[in-house]
Each structure stands twice: as C-alpha cells, then as structure tokens.
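Just below is one structure, and these are the notes that go with it.
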Amino acid sequence: MTIPASVLEIASPSVEQTQELGARLGKIVQAGDVIALQGDLGAGKTNFVQGLARGLGITEDVNSPTFILANEYYSGRLPLFHIDAYRVRDAAEAEGFGLDDYLNGNGVTVIEWAERVRDALPRDVLWIQFEYVSENARGIQLDALGKESRARLDELENAARA
Ligand SMILES: Nc1ncnc2c1ncn2[C@@H]1O[C@H](COP(=O)(O)OP(=O)(O)OP(=O)(O)O)[C@@H](O)[C@H]1O
Ligand SMILES: [Mg+2]
C-alpha cells in the first residue's frame, strides 16, 4: 500500500531546476486548482510560475504582475491566473480585485505572497514555500492541504521517479 504524500521537500540547485519543477506541475494541474506560493523577495516564486506556464503550454512571456495584481494567460492547455498579493493587505482587500472570480473560474490560479490572502483561499490548495539557501540554491517545500492537491503532489512524485 502506498500512503499518499502530503509534504514533499525538494532542493533546487539552480533557477532552471526551479522552473523545471514548475513545468512538471504545469503538465498535471487541473481546472480549479489553486497553488499558493510563499517566500521572501527573490526566493524564486515568479521563476516557478514561469515554469508552470511553460508546462501548461503557454507561449506568452510570464512576468511578475506586482503592479497590476493579476495576469491572465489563455494560450495553454488551461487558463492560468497569476496573482501577486504583495501589495494586498488582507483577504478583504483581495475581494476588491476579484480574487474570488479567479478562484472559482475554470483555470489554474497561482498566487505569490499567498499568506497575505490566506483567509480568502479555499481549503484544498497546494501550498509551496521557497527558502533562500545560497546564491543559486533554494529549498522548496510543497504541502498538499486537501484531497485534490494531494493527488497532484502524488502525481508529481511519481513523474519524478519515472
Ligand atoms: N534555485 C533557484 N531557484 C529560483 N531562483 C533562483 C535560484 N537561484 C537563484 N535564483 C535567482 O533568484 C531570483 C528569484 O527571482 P523571482 O522573481 O523568481 O523571485 P520571487 O520569489 O518571485 O520574488 P518577489 O517576491 O520579488 O516576486 C532570480 O534572480 C533568480 O535568478
Ligand atoms: Mg515574484
């Protein structure tokens, strides 16, 4: 019997590896998935999202949406909603830019600085924490907080082993 993983810890030795992890997740995410990213400035969140977009087959350039809060990409297998909550104070303020519409939409929502809007998020999210280790290395911890996110984490692990 295999017990589904709910936490996965990965050491990323380079920006390319961080993007590759994102790309692997991009290949298996499903409509309605919510991916929460947490980590300091420069920890690698946006680079991860760039990989996620590539895995979804998105052809546009993906940049940090810090000033406009949300970017939408429709050229891939599923719509990708990329939100940066750095300038958002709390969940109530997040409602002001329609966070709920993204969360309830039929795309994949990925949120940088997700801890700022934690109260507005659904229960079942894939929560990913990035930690600075050294100039080129990051620690990445993925926590599945529910059934769907756990299924995705399992698939990610199996794909890594194959
Ligand atoms: N292993 C690594 N994974 C990801 N980024 C890395 C890694 N090693 C070095 N870097 C560098 O760290 C920086 C990460 O930048 P990125 O924009 O992805 O961070 P961020 O977490 O989105 O920051 P912000 O909170 O400002 O949006 C880049 O300059 C990248 O080249
Ligand atoms: Mg960023």
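So you can find residues: chains in the structure tokens are A, B, ... in the order shown, residues in each start at 1, and ligands are numbered from 1 in order.
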
Legend entry - For region 137-140 of chain A: contacts at 6 Å, only C-alpha atoms, fewer than 3 positions along chain excluded, given as number ranges by chain: A: 9-14, 129-134

Please identify all protein, DNA and RNA residues within 9 Å of ligand 1, counting only C-alpha atoms and all ligand atoms, and report them as a PyMOL selection string. chain A and resi 11-19+37-50+63-66+84+86+112-113+130+132-140

re CA of Val88 (chain A) and CA of Leu69 (chain A): distance 8.5 Å

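CA of Leu8 (chain A) is positioned 21.0 Å from CA of Leu121 (chain A).
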
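Within 10 Å of region 152-161 of chain A there are Ile3, Pro4, Ala5, Ser6, Val7, Leu8, Leu21, Arg24, Leu25, Gly26, Lys27, Ile28, Val29, Gln30, Asp33, Leu126, Leu142, Asp143, Ala144, Lys147, Glu148 and Ser149 of chain A, counting only C-alpha atoms and ignoring same-chain residues fewer than 3 positions away.
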
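Nearest to Val117 (chain A) of all the residues A:Ala36, A:Tyr74, A:Val62, A:Tyr102 is A:Ala36, based on only C-alpha atoms.
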
The residue from A:Val108, A:Ala114, A:Leu145, A:Ala120 with the smallest atom-to-atom distance to Gly96 (chain A), counting only C-alpha atoms, is A:Ala120

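You can rank A:Ile58, A:Ala151, A:Ile111, A:Leu80 by their closest distance to ligand 2 using only C-alpha atoms and all ligand atoms, and at the top of that list sits A:Ile111.
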
Strand (DSSP E or B) residues, from DSSP on the backbone, in region 16-124 of chain A, as number ranges by chain: A: 34-38, 70-73, 80-84, 108-112

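Distances from A:Gly57, A:Phe81, A:Arg116, A:Gly107 to Ala94 (chain A) were compared using only C-alpha atoms, and the smallest one belongs to A:Arg116.
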
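One finds CA of Ile35 (chain A) at 13.2 Å from CA of Leu99 (chain A).
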
Would you please give, as a PyMOL selection string, all residues of chain A that DSSP assigns to alpha helix (DSSP H) based on the backbone? chain A and resi 15-26+45-56+91-95+99-103+147-161

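Closest approach to Gly105 (chain A) from the set A:Leu78, A:Ile68, A:Leu52, A:Ala85 is made by A:Leu78, with distances taken over only C-alpha atoms.
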